[in-house]
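Report on the following structure.
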Amino acid sequence: MRFTLRRAVAADAGAVRVLTRDAYAKWVPVIGREPKPMTKNYDTAVRLNRIDLAHVDGELAGLIETIDRSDHLLIENVAVAPARHGQGLGRALLAHAETVARAAGYREVRLYTNQKFAANVELYLSLGYRIDREEESELGVTVYMSKTLSP
């Protein structure tokens, strides 16, 4: 799949919100509530975090939000438009985050997801992520994962 990437700016916050809500809508019946990314303030996130937008044929098709930490890059959100699911865009966005992490000098990327998002957990495992821990809270079980990057 051919796509272009660009960094989100303040004017993109609304489009980021809409894409994220569309991408995560399928999980609402699975966990009985809106996943955290659906309720986030993207006006603030676009300003504070790195959000890279993937466009296919001129349309926003996916995004990846990352946050610099002291010793790793945190992948905060990966969202792909429902019409683009299964086309490899999510994998490409994760690979992009690894490139961003290496360029920043990090040797590790981390992410977290809901345990009930089993397809996502399986995808991350297939891409070389490992499960570091699972934590139960009022929101369910959060699976924390990481991947060590080669230089």
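Residues in the structure tokens are numbered from 1 in each chain, the chains being A, B, ... in the order shown, and ligands are numbered from 1 in the order shown.
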Quiz item: Looking only at the backbone, which of the residues in chain A does DSSP tag as strand (DSSP E or B), as a PyMOL selection string?
Solution: chain A and resi 4-7+50-56+59-68+73-80+108-114+130-137+140-148
What are the nearest atom pairs, with distances in Å to one decimal, for all residues of range 17-93 of chain A that come at most 12 Å from range 104-117 of chain A, using only C-alpha atoms, set out by chain and rising residue number as a tab-separated table?
```
residue	atom	partner	partner_atom	distance
A:Tyr24	CA	A:Phe117	CA	10.3
A:Lys26	CA	A:Phe117	CA	10.1
A:Trp27	CA	A:Phe117	CA	7.4
A:Val28	CA	A:Phe117	CA	10.6
A:Pro29	CA	A:Lys116	CA	10.8
A:Val30	CA	A:Lys116	CA	7.1
A:Ile31	CA	A:Lys116	CA	7.0
A:Gly32	CA	A:Lys116	CA	10.8
A:Arg33	CA	A:Asn114	CA	11.9
A:Glu34	CA	A:Asn114	CA	11.6
A:Pro35	CA	A:Asn114	CA	8.5
A:Lys36	CA	A:Asn114	CA	9.8
A:Pro37	CA	A:Thr113	CA	10.6
A:Ile64	CA	A:Leu111	CA	11.5
A:Glu65	CA	A:Leu111	CA	10.6
A:Thr66	CA	A:Leu111	CA	9.3
A:Ile67	CA	A:Arg110	CA	9.9
A:Asp68	CA	A:Ala104	CA	8.7
A:Arg69	CA	A:Tyr106	CA	9.3
A:Ser70	CA	A:Tyr106	CA	9.0
A:Asp71	CA	A:Tyr106	CA	6.5
A:His72	CA	A:Glu108	CA	5.1
A:Leu73	CA	A:Val109	CA	4.8
A:Leu74	CA	A:Arg110	CA	4.9
A:Ile75	CA	A:Leu111	CA	5.0
A:Glu76	CA	A:Leu111	CA	6.4
A:Asn77	CA	A:Leu111	CA	8.3
A:Val78	CA	A:Leu111	CA	9.8
```
Going by DSSP on the backbone, which bits of range 19-147 of chain A are alpha helix (DSSP H)? Write them as a PDB file with N, CA and C atoms, in the first residue's frame, please.
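Result file selection-v7.pdb:
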```
ATOM      1  N   LEU A  19     -10.966   9.995  13.090  1.00  0.00           N
ATOM      2  CA  LEU A  19     -10.354   8.736  12.669  1.00  0.00           C
ATOM      3  C   LEU A  19     -10.204   7.785  13.848  1.00  0.00           C
ATOM      4  N   THR A  20      -9.749   8.312  14.967  1.00  0.00           N
ATOM      5  CA  THR A  20      -9.557   7.458  16.146  1.00  0.00           C
ATOM      6  C   THR A  20     -10.885   6.873  16.609  1.00  0.00           C
ATOM      7  N   ARG A  21     -11.911   7.680  16.670  1.00  0.00           N
ATOM      8  CA  ARG A  21     -13.226   7.179  17.090  1.00  0.00           C
ATOM      9  C   ARG A  21     -13.731   6.105  16.127  1.00  0.00           C
ATOM     10  N   ASP A  22     -13.556   6.328  14.826  1.00  0.00           N
ATOM     11  CA  ASP A  22     -13.980   5.326  13.835  1.00  0.00           C
ATOM     12  C   ASP A  22     -13.186   4.033  13.991  1.00  0.00           C
ATOM     13  N   ALA A  23     -11.888   4.153  14.194  1.00  0.00           N
ATOM     14  CA  ALA A  23     -11.016   2.978  14.278  1.00  0.00           C
ATOM     15  C   ALA A  23     -11.307   2.133  15.514  1.00  0.00           C
ATOM     16  N   TYR A  24     -11.640   2.781  16.614  1.00  0.00           N
ATOM     17  CA  TYR A  24     -11.849   2.056  17.868  1.00  0.00           C
ATOM     18  C   TYR A  24     -13.305   1.666  18.117  1.00  0.00           C
ATOM     19  N   VAL A  28     -16.003  -1.128  21.255  1.00  0.00           N
ATOM     20  CA  VAL A  28     -16.980  -0.734  22.277  1.00  0.00           C
ATOM     21  C   VAL A  28     -17.812  -1.926  22.742  1.00  0.00           C
ATOM     22  N   PRO A  29     -18.389  -2.741  21.833  1.00  0.00           N
ATOM     23  CA  PRO A  29     -19.167  -3.892  22.318  1.00  0.00           C
ATOM     24  C   PRO A  29     -18.304  -4.952  23.004  1.00  0.00           C
ATOM     25  N   VAL A  30     -17.036  -4.999  22.682  1.00  0.00           N
ATOM     26  CA  VAL A  30     -16.142  -6.005  23.266  1.00  0.00           C
ATOM     27  C   VAL A  30     -15.860  -5.696  24.734  1.00  0.00           C
ATOM     28  N   ILE A  31     -15.643  -4.407  25.045  1.00  0.00           N
ATOM     29  CA  ILE A  31     -15.287  -4.054  26.429  1.00  0.00           C
ATOM     30  C   ILE A  31     -16.403  -3.317  27.168  1.00  0.00           C
ATOM     31  N   LYS A  36     -10.067   4.205  25.803  1.00  0.00           N
ATOM     32  CA  LYS A  36      -9.467   5.486  26.169  1.00  0.00           C
ATOM     33  C   LYS A  36      -9.154   6.390  24.971  1.00  0.00           C
ATOM     34  N   PRO A  37      -8.616   5.865  23.867  1.00  0.00           N
ATOM     35  CA  PRO A  37      -8.313   6.774  22.749  1.00  0.00           C
ATOM     36  C   PRO A  37      -9.540   7.493  22.191  1.00  0.00           C
ATOM     37  N   MET A  38     -10.719   6.935  22.377  1.00  0.00           N
ATOM     38  CA  MET A  38     -11.935   7.575  21.864  1.00  0.00           C
ATOM     39  C   MET A  38     -12.323   8.805  22.683  1.00  0.00           C
ATOM     40  N   THR A  39     -11.826   8.893  23.898  1.00  0.00           N
ATOM     41  CA  THR A  39     -12.225   9.984  24.796  1.00  0.00           C
ATOM     42  C   THR A  39     -11.122  11.013  25.015  1.00  0.00           C
ATOM     43  N   TYR A  42      -7.685  15.543  21.741  1.00  0.00           N
ATOM     44  CA  TYR A  42      -6.684  15.581  20.670  1.00  0.00           C
ATOM     45  C   TYR A  42      -6.194  16.988  20.367  1.00  0.00           C
ATOM     46  N   ASP A  43      -6.890  18.018  20.826  1.00  0.00           N
ATOM     47  CA  ASP A  43      -6.342  19.370  20.701  1.00  0.00           C
ATOM     48  C   ASP A  43      -5.031  19.444  21.492  1.00  0.00           C
ATOM     49  N   THR A  44      -5.044  18.868  22.682  1.00  0.00           N
ATOM     50  CA  THR A  44      -3.852  18.833  23.528  1.00  0.00           C
ATOM     51  C   THR A  44      -2.834  17.831  22.998  1.00  0.00           C
ATOM     52  N   ALA A  45      -3.279  16.650  22.616  1.00  0.00           N
ATOM     53  CA  ALA A  45      -2.359  15.604  22.160  1.00  0.00           C
ATOM     54  C   ALA A  45      -1.565  16.033  20.935  1.00  0.00           C
ATOM     55  N   VAL A  46      -2.202  16.708  19.989  1.00  0.00           N
ATOM     56  CA  VAL A  46      -1.491  17.157  18.783  1.00  0.00           C
ATOM     57  C   VAL A  46      -0.399  18.156  19.161  1.00  0.00           C
ATOM     58  N   ARG A  47      -0.662  18.928  20.193  1.00  0.00           N
ATOM     59  CA  ARG A  47       0.306  19.931  20.628  1.00  0.00           C
ATOM     60  C   ARG A  47       1.475  19.315  21.400  1.00  0.00           C
ATOM     61  N   LEU A  48       1.187  18.304  22.226  1.00  0.00           N
ATOM     62  CA  LEU A  48       2.201  17.756  23.128  1.00  0.00           C
ATOM     63  C   LEU A  48       2.929  16.522  22.603  1.00  0.00           C
ATOM     64  N   LEU A  89      -1.461  -1.299   6.801  1.00  0.00           N
ATOM     65  CA  LEU A  89      -1.145   0.062   7.213  1.00  0.00           C
ATOM     66  C   LEU A  89      -0.737   0.122   8.688  1.00  0.00           C
ATOM     67  N   GLY A  90      -1.409  -0.615   9.534  1.00  0.00           N
ATOM     68  CA  GLY A  90      -1.043  -0.636  10.954  1.00  0.00           C
ATOM     69  C   GLY A  90       0.374  -1.134  11.155  1.00  0.00           C
ATOM     70  N   ARG A  91       0.733  -2.192  10.464  1.00  0.00           N
ATOM     71  CA  ARG A  91       2.108  -2.714  10.540  1.00  0.00           C
ATOM     72  C   ARG A  91       3.110  -1.666  10.061  1.00  0.00           C
ATOM     73  N   ALA A  92       2.775  -0.981   8.976  1.00  0.00           N
ATOM     74  CA  ALA A  92       3.669   0.055   8.443  1.00  0.00           C
ATOM     75  C   ALA A  92       3.820   1.203   9.432  1.00  0.00           C
ATOM     76  N   LEU A  93       2.750   1.575  10.102  1.00  0.00           N
ATOM     77  CA  LEU A  93       2.822   2.645  11.092  1.00  0.00           C
ATOM     78  C   LEU A  93       3.671   2.230  12.295  1.00  0.00           C
ATOM     79  N   LEU A  94       3.555   0.995  12.713  1.00  0.00           N
ATOM     80  CA  LEU A  94       4.402   0.499  13.798  1.00  0.00           C
ATOM     81  C   LEU A  94       5.870   0.491  13.380  1.00  0.00           C
ATOM     82  N   ALA A  95       6.150   0.087  12.152  1.00  0.00           N
ATOM     83  CA  ALA A  95       7.530   0.116  11.647  1.00  0.00           C
ATOM     84  C   ALA A  95       8.047   1.552  11.610  1.00  0.00           C
ATOM     85  N   HIS A  96       7.183   2.485  11.238  1.00  0.00           N
ATOM     86  CA  HIS A  96       7.565   3.897  11.230  1.00  0.00           C
ATOM     87  C   HIS A  96       7.938   4.354  12.642  1.00  0.00           C
ATOM     88  N   ALA A  97       7.161   3.962  13.630  1.00  0.00           N
ATOM     89  CA  ALA A  97       7.467   4.333  15.019  1.00  0.00           C
ATOM     90  C   ALA A  97       8.829   3.782  15.440  1.00  0.00           C
ATOM     91  N   GLU A  98       9.160   2.587  14.996  1.00  0.00           N
ATOM     92  CA  GLU A  98      10.468   2.019  15.317  1.00  0.00           C
ATOM     93  C   GLU A  98      11.582   2.839  14.675  1.00  0.00           C
ATOM     94  N   THR A  99      11.352   3.325  13.465  1.00  0.00           N
ATOM     95  CA  THR A  99      12.328   4.190  12.790  1.00  0.00           C
ATOM     96  C   THR A  99      12.495   5.497  13.556  1.00  0.00           C
ATOM     97  N   VAL A 100      11.388   6.076  13.991  1.00  0.00           N
ATOM     98  CA  VAL A 100      11.420   7.302  14.796  1.00  0.00           C
ATOM     99  C   VAL A 100      12.208   7.060  16.083  1.00  0.00           C
ATOM    100  N   ALA A 101      11.967   5.922  16.728  1.00  0.00           N
ATOM    101  CA  ALA A 101      12.660   5.593  17.976  1.00  0.00           C
ATOM    102  C   ALA A 101      14.165   5.470  17.755  1.00  0.00           C
ATOM    103  N   ARG A 102      14.553   4.765  16.711  1.00  0.00           N
ATOM    104  CA  ARG A 102      15.990   4.617  16.423  1.00  0.00           C
ATOM    105  C   ARG A 102      16.631   5.973  16.158  1.00  0.00           C
ATOM    106  N   ALA A 103      15.948   6.805  15.385  1.00  0.00           N
ATOM    107  CA  ALA A 103      16.485   8.136  15.064  1.00  0.00           C
ATOM    108  C   ALA A 103      16.667   8.982  16.316  1.00  0.00           C
ATOM    109  N   ALA A 118      -7.693  -8.959  21.609  1.00  0.00           N
ATOM    110  CA  ALA A 118      -6.829 -10.114  21.359  1.00  0.00           C
ATOM    111  C   ALA A 118      -6.139 -10.049  20.000  1.00  0.00           C
ATOM    112  N   ALA A 119      -6.823  -9.588  18.977  1.00  0.00           N
ATOM    113  CA  ALA A 119      -6.200  -9.499  17.646  1.00  0.00           C
ATOM    114  C   ALA A 119      -5.015  -8.548  17.674  1.00  0.00           C
ATOM    115  N   ASN A 120      -5.135  -7.461  18.444  1.00  0.00           N
ATOM    116  CA  ASN A 120      -4.025  -6.516  18.541  1.00  0.00           C
ATOM    117  C   ASN A 120      -2.852  -7.134  19.294  1.00  0.00           C
ATOM    118  N   VAL A 121      -3.137  -7.819  20.384  1.00  0.00           N
ATOM    119  CA  VAL A 121      -2.067  -8.475  21.142  1.00  0.00           C
ATOM    120  C   VAL A 121      -1.341  -9.464  20.245  1.00  0.00           C
ATOM    121  N   GLU A 122      -2.085 -10.255  19.480  1.00  0.00           N
ATOM    122  CA  GLU A 122      -1.473 -11.232  18.577  1.00  0.00           C
ATOM    123  C   GLU A 122      -0.624 -10.543  17.500  1.00  0.00           C
ATOM    124  N   LEU A 123      -1.118  -9.441  16.965  1.00  0.00           N
ATOM    125  CA  LEU A 123      -0.345  -8.690  15.971  1.00  0.00           C
ATOM    126  C   LEU A 123       0.969  -8.230  16.572  1.00  0.00           C
ATOM    127  N   TYR A 124       0.920  -7.618  17.747  1.00  0.00           N
ATOM    128  CA  TYR A 124       2.140  -7.112  18.362  1.00  0.00           C
ATOM    129  C   TYR A 124       3.121  -8.247  18.650  1.00  0.00           C
ATOM    130  N   LEU A 125       2.620  -9.377  19.131  1.00  0.00           N
ATOM    131  CA  LEU A 125       3.500 -10.529  19.364  1.00  0.00           C
ATOM    132  C   LEU A 125       4.152 -10.992  18.058  1.00  0.00           C
ATOM    133  N   SER A 126       3.384 -11.009  16.978  1.00  0.00           N
ATOM    134  CA  SER A 126       3.927 -11.456  15.694  1.00  0.00           C
ATOM    135  C   SER A 126       4.988 -10.497  15.147  1.00  0.00           C
TER     136      SER A 126
END
```
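Atom pair CA of Ala83 in chain A / CA of Ala61 in chain A: separated by 8.2 Å.
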Quiz item: Quick one: distance from CA of Met145 in chain A to CA of Tyr129 in chain A in Å, one decimal?
Solution: 6.1 Å
Quiz item: In Å, with one decimal, what is the gap from CA of Leu5 in chain A to CA of Asp52 in chain A?
Solution: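 Distance reported for this atom pair: 6.3 Å.
Take the candidates A:Met1, A:Leu127, A:Leu149, A:Leu63 and check each one against Ile51 in chain A using only C-alpha atoms; the shortest distance goes to A:Leu63.
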Self-check item: Selected residue of minimal separation from Asp12 in chain A among A:Ala25, A:Leu53, A:Gly140, A:Ser150, counting only C-alpha atoms
Solution: A:Leu53
Quiz item: Any idea what's packed within 7 Å of Val56 in chain A, counting only C-alpha atoms, ignoring anything in its chain fewer than 6 positions away? Could you give it as a list in words?
Solution: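 That gives Arg2, Phe3 and Thr4 of chain A.
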Practice problem: Counting only C-alpha atoms, figure out which residue out of A:Asp132, A:Glu59, A:Val143, A:Ala79 gets nearest to Val16 in chain A. | Solution: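 Nearest candidate to Val16 in chain A out of A:Asp132, A:Glu59, A:Val143, A:Ala79: A:Ala79.
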